Amino acid sequence: MTFISIEFLLFFAIIVFTYYLIPHRLRWILLLVASYVFYAILSIQFIPLLLTSTAFTYFTGIIIEKQETKKQKKKVMLVGISVLLFFLGWFKYFNFVNDSLRAMAKYIDWNYTIPYQEIVLPLAISFYTFQAVSYLVDIYYGKQKAERHYGYFSVFFAFFPQLVAGPIERAKKLLPQLKGEHSLNYENLNYGMKRIAWGFFKKTLIADRLAPIVSSVYDSPNPTGSQIVLATILFSIQLFADFSACSDIAIGCARMLGINLTENFKQPHFAVSISDFWSRWHITLSTWLRDYIFFPLCKGKKKRSEIYLAIVITFLVSGIWHGAAWTFVLWGFIHGFYRVFGDATKSFRESIASFIHLDRSPVLHKWVKITITFLLVCFSRVFFRSDTVAQAFENAKLFLTISSWSPLGIVKAFEIFPLLDLVIFIFFYIIVQLFQYIERNNVSTWKFLSKHSIFTRFAFYIFLILSVLVFGVSGNGFVYGGF
Amino acid sequence: MGRLFIKLTIIISVIILLFMPVNKFVKDSYDYNIDHEILAFKKHPYPVDIINLGASHSMYGYYFKPTGLSHLDLALPSQTIQYDFKLLKEYGKYLKPGGVVLVSISQITFANSEAKNIGNYYKVLDRTEIDPFNLIDYYSYLYLPGINSGSFHSALAGKLKNLKWNSHQPWANTGKNYAGRKYMKIEGQYREAVENNNMEINVKQLREIVDYCNEKGYRVILTMEPVHQSYLEFFNEEVMNRLVFQYLKALKLDVPFINYMSDQRFVDNKDYFIDPDHLNREGRKMFSWIVYEDLKKMGYL
């Protein structure tokens with residue numbers, strides 16, 4: 001049962017109905033049972049791990065709080081984090097390290113005997129581990145009190161709308177909302193349903209329509225340069241549609257239960273710089289990395305070079321968090337490099353813009369920055385999407401070859417789409433862009449619609465649902481569900 | 001809250017009203033009714049002389065009516081060998097004593113492992129035979145095919161046959177573009193099948209079909225339908241050996257195998273084909289006569 005299924009909608013409808021029917025004191029039980037049932041349907045074999053991690057984090061939090069000195073608190077916190085990271089490391093990174101060591105041993109002619117292990121990655125482990133780490137650190141810093149109610153804590157740990165692919169929430173925000181009494185609210189239900197419908201729209205009409213097209217190029221043994229360029233741009237669109245749809249559905253579901261989750265995206269492909277991009281893309285991960293990796297690394301550091309090193313390390317952690325492969329490490333490194341390079345050359349770039357009078361035309365200047373940022377992000381995604389490092393470098397070379405960007409070649413590359421599919425995709429992509437255009441003018445599209453007549457609004461909602469029903473392609477899981 | 005209920009009722013009602021013609025459009029489409037011949041046979045069965053199994057090559061390959069044979073075509077597009085067997089078990093009982101079963105072997109026979117058009121079997125097979133079976137998919141496919149994007153897409157593509165890039169037309173570049181794309185697709189399927197050990201499973205399934213036919217007294221013949229020269233350029237002897245023949249040889253089946261794939265009567269004549277690997281009406285008639293004559297010579301008819 002994934003988000004994109006009739007089963008999930010029926011399951012969720014039953015949860016919402018029951019949630020508002022039962023008294024507040026019993027609601028945490030319902031949410032906990034729903035969360036574990038949801039997780040069990042997707043990955044029953046890892047329920048014990050989820051339960052163990054929950055219990056461990058719960059008791060560690062209390063033990064941290066009970067320590068008298070800061071030093072003791074720190075010790076317990078570090079032990080707690082180490083255990084949680086051990087779970088993550090064992091399941092997610094064991095084979096990565098093992099394979100890397102084996103390859104290195106072969107290179108230096110060293111006898112390395114540990115064989116490849118069949119280890120299945122537990123669903124959502126990266127997400128709930130980060131949530132647990134932030135919980136323990138916040139208790140250590142006194143920003144969060146250790147939760148004593150095991151039931152509420154378990155719901156915080158495994159809250160089903162955001163369990164599989166975020167947003168990564170902080171206890172400070174989520175726990176009080178879980179404890180708060182929420183009455184049946186028209187606005188929440190209304191908004192939640194719209195957000196879910198919009199998530200379905202983006203996932204089934206954009207992301208899952210693009211997935212096989214992108215795969216056909218990236219899985220091809222000999223793609224042309226223009227095909228790689230086009231497929232990479234399409235992959236960027238796919239990834240955004242896929243992940244933001246997942247967040248939309250999570251936010252919509254939570255809202256229907258009266259809970260506000262953190263927004264995870266703010267039109268990242270319209271960022272004007274790489275730092276701007278990271279303040280718009282996977283916001284809850286970016287802020288997590290900032291608060292729990294970057295800030296601690298920067299503590300007491302004043303030299304620019306030290307800050308730059310901290311930036312690169314933070315992005316390397318981001319890369320390895322995404323996937324246990326060198327392609328993701330390289331992807332993280334590229335973003336770290338972008339970020340450092342962008343900072344180091346900021347004044348130089350501004351003087352160039354001034355020299356060529358680009359700054360006299362702010363709109364043009366902004367769009368040039370948006371285009372460059374988008375292309376830089378696309379280039380990094382060649383590494384994100386490729387299966388191996390060798391393939392990634394091959395594809396990156398094609399991406400950077402000037403002839404790959406010839407307009408004729410790009411037009412020809414569109415033939416990777418069946419023509420009918422291209423027409424359907426373009427139509428729905430325009431709708432998404434119109435939606436985003438309205439939002440860029442700082443107006444929520446839903447509020448914008450509410451100012452129009454009931455016929456316009458209803459026509460839009462009906463169009464949305466009918467499009468998903470008739471043209472929606474489903475069957476692929478969420479890309480970030482695999483992390 | 002009443003306001004929300006009224007709004008939802010209006011929206012759902014309009015959606016249902018607008019959805020009805022879409023659903024009908026899909027229900028009436030050729031692809032949705034691709035199993036209509038088997039379904040008609042299921043309703044009014046009669047004894048048959050010959051049955052053919054296989055995927056689209058076989059489905060577009062045989063038409064025995066002019067020969068006077070009574071024939072049941074159990075081939076459907078992208079049919080896996082597992083479903084060949086399931087259909088044979090379901091409909092084999094209508095074969096006359098000593099009747100012939102043509103088991104079509106194609107490039108995808110051993111590499112094809114996933115029944116993509118599982119809905120094709122909902123009406124023609126018992127529910128317990130469908131694997132994987134999902135109750136919601138089952139009922140929605142039968143009654144609300146409009147919400148199945150695959151079915152809707154096929155129905156739409158069927159109506160808009162000419163909405164294709166020039167290079168995607170079946171005979172663009174004398175059929176080489178089509179054959180090349182098909183080759184890439186099948187190579188991908190083959191790689192996947194080898195990785196997942198599906199080749200062995202499918203090969204074993206062929207043996208089970210042959211054993212089953214022997215047990216029931218059906219006379220079984222393996223066939224390979226003709227293709228156009230442009231297709232042969234990609235699926236040459238070396239490729240076919242890797243995809244099919246090496247496995248077939250290893251099976252050491254004691255049944256005849258008639259390979260018409262590079263039959264000179266068809267290979268250079270595009271007038272017999274819809275596209276480089278599927279026969280058209282003319283080609284089908286001619287090929288079926290050839291098969292009929294050969295079966296007679298072999299003493300199977």
# chains A, B, ... in the order shown; residues from 1 in each chain; ligands from 1
$ interface_residues --of "chain A" --to "chain B" --cutoff "10 Å" --atoms "only C-alpha atoms" --output "MDAnalysis selection string"
chainID A and resid 5:7 184:187 189:190 204 216 219:221 412 414:421 423 454 458:459 461:463 465:474
$ residues_around --residues "Val97 of chain A" --least-positions-apart "3" --cutoff "12 Å" --atoms "only C-alpha atoms" --output "list in words"
Gly89, Trp90, Phe91, Lys92, Tyr93, Phe94, Ser100, Leu101, Arg102, Ala103, Met104, Ala105, Ile114, Pro115, Tyr116, Gln117, Ile320, Ala324, Ala325 and Trp326 of chain A
$ residues_around --residues "Pro122 of chain A" --least-positions-apart "3" --cutoff "8 Å" --atoms "only C-alpha atoms" --output "list in words"
Ser43, Phe46, Phe91 and Ile125 of chain A
$ write_last_selection --atoms "C-alpha atoms" --output "PDB file, in the first residue's frame"
ATOM      1  CA  SER A  43       7.799  -3.691   5.273  1.00  0.00           C
ATOM      2  CA  PHE A  46      11.466  -4.311   9.900  1.00  0.00           C
ATOM      3  CA  PHE A  91      21.712  -1.776   7.187  1.00  0.00           C
ATOM      4  CA  ILE A 125      15.411   4.158   8.359  1.00  0.00           C
TER       5      ILE A 125
END
$ residues_around --residues "Phe273 of chain B" --least-positions-apart "5" --cutoff "9 Å" --atoms "only C-alpha atoms" --output "PyMOL selection string"
chain B and resi 227-228+266+278-284
$ select_by_dssp --residues "segment 270-337 of chain A" --states "alpha helix (DSSP H)" --output "number ranges by chain"
A: 274-278, 283-289, 295-298, 304-322, 326-337
$ write_last_selection --atoms "N, CA and C atoms" --output "compact mmCIF listing (two decimals), in the first residue's frame"
# COMPACT_ATOMS: atom_id res chain seq x y z
N ILE A 274 22.93 28.47 -5.60
CA ILE A 274 22.92 27.15 -4.98
C ILE A 274 22.49 27.25 -3.51
N SER A 275 22.94 28.29 -2.82
CA SER A 275 22.50 28.42 -1.41
C SER A 275 20.99 28.65 -1.35
N ASP A 276 20.49 29.41 -2.32
CA ASP A 276 19.04 29.62 -2.40
C ASP A 276 18.33 28.30 -2.70
N PHE A 277 18.95 27.51 -3.58
CA PHE A 277 18.37 26.21 -3.92
C PHE A 277 18.19 25.36 -2.66
N TRP A 278 19.22 25.33 -1.81
CA TRP A 278 19.13 24.49 -0.62
C TRP A 278 18.20 25.05 0.45
N ILE A 283 13.67 21.10 2.43
CA ILE A 283 14.00 22.10 3.46
C ILE A 283 14.26 21.45 4.82
N THR A 284 13.46 20.43 5.16
CA THR A 284 13.63 19.84 6.49
C THR A 284 14.96 19.09 6.62
N LEU A 285 15.46 18.54 5.52
CA LEU A 285 16.78 17.90 5.58
C LEU A 285 17.87 18.98 5.63
N SER A 286 17.71 20.01 4.80
CA SER A 286 18.72 21.09 4.78
C SER A 286 18.86 21.72 6.15
N THR A 287 17.73 22.00 6.80
CA THR A 287 17.82 22.64 8.12
C THR A 287 18.37 21.66 9.16
N TRP A 288 18.04 20.39 8.99
CA TRP A 288 18.59 19.37 9.90
C TRP A 288 20.11 19.34 9.78
N LEU A 289 20.60 19.30 8.53
CA LEU A 289 22.05 19.25 8.31
C LEU A 289 22.71 20.53 8.83
N PHE A 295 26.50 23.59 11.94
CA PHE A 295 26.74 24.47 13.09
C PHE A 295 27.73 23.86 14.08
N PRO A 296 27.56 22.58 14.47
CA PRO A 296 28.57 22.00 15.38
C PRO A 296 29.98 22.01 14.77
N LEU A 297 30.06 21.77 13.43
CA LEU A 297 31.39 21.77 12.80
C LEU A 297 32.02 23.16 12.80
N CYS A 298 31.16 24.17 12.73
CA CYS A 298 31.64 25.56 12.64
C CYS A 298 31.94 26.16 14.01
N ARG A 304 37.95 31.38 7.07
CA ARG A 304 37.09 31.07 5.95
C ARG A 304 37.32 29.63 5.45
N SER A 305 38.56 29.21 5.41
CA SER A 305 38.88 27.87 4.91
C SER A 305 38.23 26.79 5.78
N GLU A 306 38.17 27.06 7.09
CA GLU A 306 37.55 26.08 8.00
C GLU A 306 36.04 26.00 7.77
N ILE A 307 35.46 27.15 7.52
CA ILE A 307 34.01 27.17 7.23
C ILE A 307 33.73 26.43 5.93
N TYR A 308 34.60 26.66 4.96
CA TYR A 308 34.42 25.99 3.67
C TYR A 308 34.53 24.47 3.82
N LEU A 309 35.47 24.06 4.66
CA LEU A 309 35.62 22.62 4.90
C LEU A 309 34.35 22.06 5.55
N ALA A 310 33.81 22.82 6.49
CA ALA A 310 32.56 22.40 7.16
C ALA A 310 31.42 22.29 6.14
N ILE A 311 31.40 23.22 5.18
CA ILE A 311 30.35 23.17 4.14
C ILE A 311 30.49 21.89 3.32
N VAL A 312 31.71 21.61 2.91
CA VAL A 312 31.93 20.42 2.06
C VAL A 312 31.57 19.15 2.85
N ILE A 313 31.97 19.10 4.12
CA ILE A 313 31.65 17.90 4.93
C ILE A 313 30.13 17.76 5.07
N THR A 314 29.45 18.87 5.30
CA THR A 314 27.98 18.82 5.43
C THR A 314 27.34 18.26 4.16
N PHE A 315 27.83 18.71 3.02
CA PHE A 315 27.24 18.21 1.77
C PHE A 315 27.63 16.74 1.51
N LEU A 316 28.81 16.36 1.96
CA LEU A 316 29.17 14.94 1.82
C LEU A 316 28.24 14.08 2.67
N VAL A 317 27.90 14.55 3.86
CA VAL A 317 26.94 13.82 4.72
C VAL A 317 25.59 13.76 4.00
N SER A 318 25.20 14.88 3.40
CA SER A 318 23.93 14.91 2.66
C SER A 318 23.96 13.86 1.54
N GLY A 319 25.09 13.80 0.84
CA GLY A 319 25.21 12.84 -0.26
C GLY A 319 25.09 11.41 0.22
N ILE A 320 25.85 11.09 1.26
CA ILE A 320 25.85 9.71 1.76
C ILE A 320 24.52 9.37 2.42
N TRP A 321 23.82 10.36 2.95
CA TRP A 321 22.49 10.11 3.52
C TRP A 321 21.54 9.63 2.43
N HIS A 322 21.70 10.20 1.23
CA HIS A 322 20.78 9.83 0.15
C HIS A 322 20.95 8.39 -0.29
N TRP A 326 29.06 5.67 -4.24
CA TRP A 326 30.01 6.75 -4.51
C TRP A 326 29.39 7.83 -5.40
N THR A 327 28.40 7.45 -6.19
CA THR A 327 27.73 8.45 -7.04
C THR A 327 27.08 9.53 -6.16
N PHE A 328 26.49 9.11 -5.02
CA PHE A 328 25.86 10.08 -4.13
C PHE A 328 26.91 10.91 -3.38
N VAL A 329 28.04 10.27 -3.07
CA VAL A 329 29.12 11.02 -2.41
C VAL A 329 29.60 12.12 -3.36
N LEU A 330 29.77 11.74 -4.63
CA LEU A 330 30.21 12.73 -5.62
C LEU A 330 29.17 13.83 -5.80
N TRP A 331 27.92 13.43 -5.79
CA TRP A 331 26.83 14.42 -5.90
C TRP A 331 26.90 15.42 -4.74
N GLY A 332 27.12 14.90 -3.54
CA GLY A 332 27.23 15.78 -2.37
C GLY A 332 28.45 16.67 -2.48
N PHE A 333 29.55 16.08 -2.96
CA PHE A 333 30.78 16.87 -3.10
C PHE A 333 30.58 18.01 -4.10
N ILE A 334 29.91 17.69 -5.20
CA ILE A 334 29.68 18.72 -6.23
C ILE A 334 28.89 19.89 -5.62
N HIS A 335 27.88 19.57 -4.83
CA HIS A 335 27.09 20.66 -4.22
C HIS A 335 27.91 21.44 -3.20
N GLY A 336 28.78 20.71 -2.47
CA GLY A 336 29.67 21.40 -1.54
C GLY A 336 30.59 22.35 -2.29
N PHE A 337 31.11 21.84 -3.41
CA PHE A 337 32.00 22.67 -4.23
C PHE A 337 31.25 23.89 -4.77
$ residues_around --residues "segment 250-262 of chain B" --least-positions-apart "4" --cutoff "6 Å" --atoms "only C-alpha atoms" --output "VMD selection string"
chain B and resid 221 to 227 267
$ write_last_selection --atoms "N, CA and C atoms" --output "short mmCIF file (atom, residue, chain, number, x, y, z; two decimals), in the first residue's frame"
data_model
loop_
_atom_site.label_atom_id
_atom_site.label_comp_id
_atom_site.auth_asym_id
_atom_site.auth_seq_id
_atom_site.Cartn_x
_atom_site.Cartn_y
_atom_site.Cartn_z
N ILE B 221 3.80 -28.93 -31.32
CA ILE B 221 4.84 -28.50 -32.27
C ILE B 221 5.29 -27.10 -31.88
N LEU B 222 6.59 -26.92 -31.87
CA LEU B 222 7.11 -25.58 -31.60
C LEU B 222 7.28 -24.85 -32.92
N THR B 223 6.87 -23.60 -32.96
CA THR B 223 6.99 -22.84 -34.21
C THR B 223 7.60 -21.47 -33.95
N MET B 224 8.12 -20.90 -34.98
CA MET B 224 8.61 -19.53 -34.90
C MET B 224 8.11 -18.81 -36.14
N GLU B 225 7.37 -17.71 -35.94
CA GLU B 225 6.71 -17.05 -37.06
C GLU B 225 7.68 -16.19 -37.88
N PRO B 226 7.32 -15.94 -39.15
CA PRO B 226 8.23 -15.16 -40.00
C PRO B 226 8.34 -13.70 -39.59
N VAL B 227 9.48 -13.11 -39.86
CA VAL B 227 9.66 -11.67 -39.63
C VAL B 227 10.29 -11.05 -40.89
N VAL B 267 10.42 -12.93 -45.96
CA VAL B 267 11.45 -12.05 -45.40
C VAL B 267 11.66 -10.73 -46.15
#
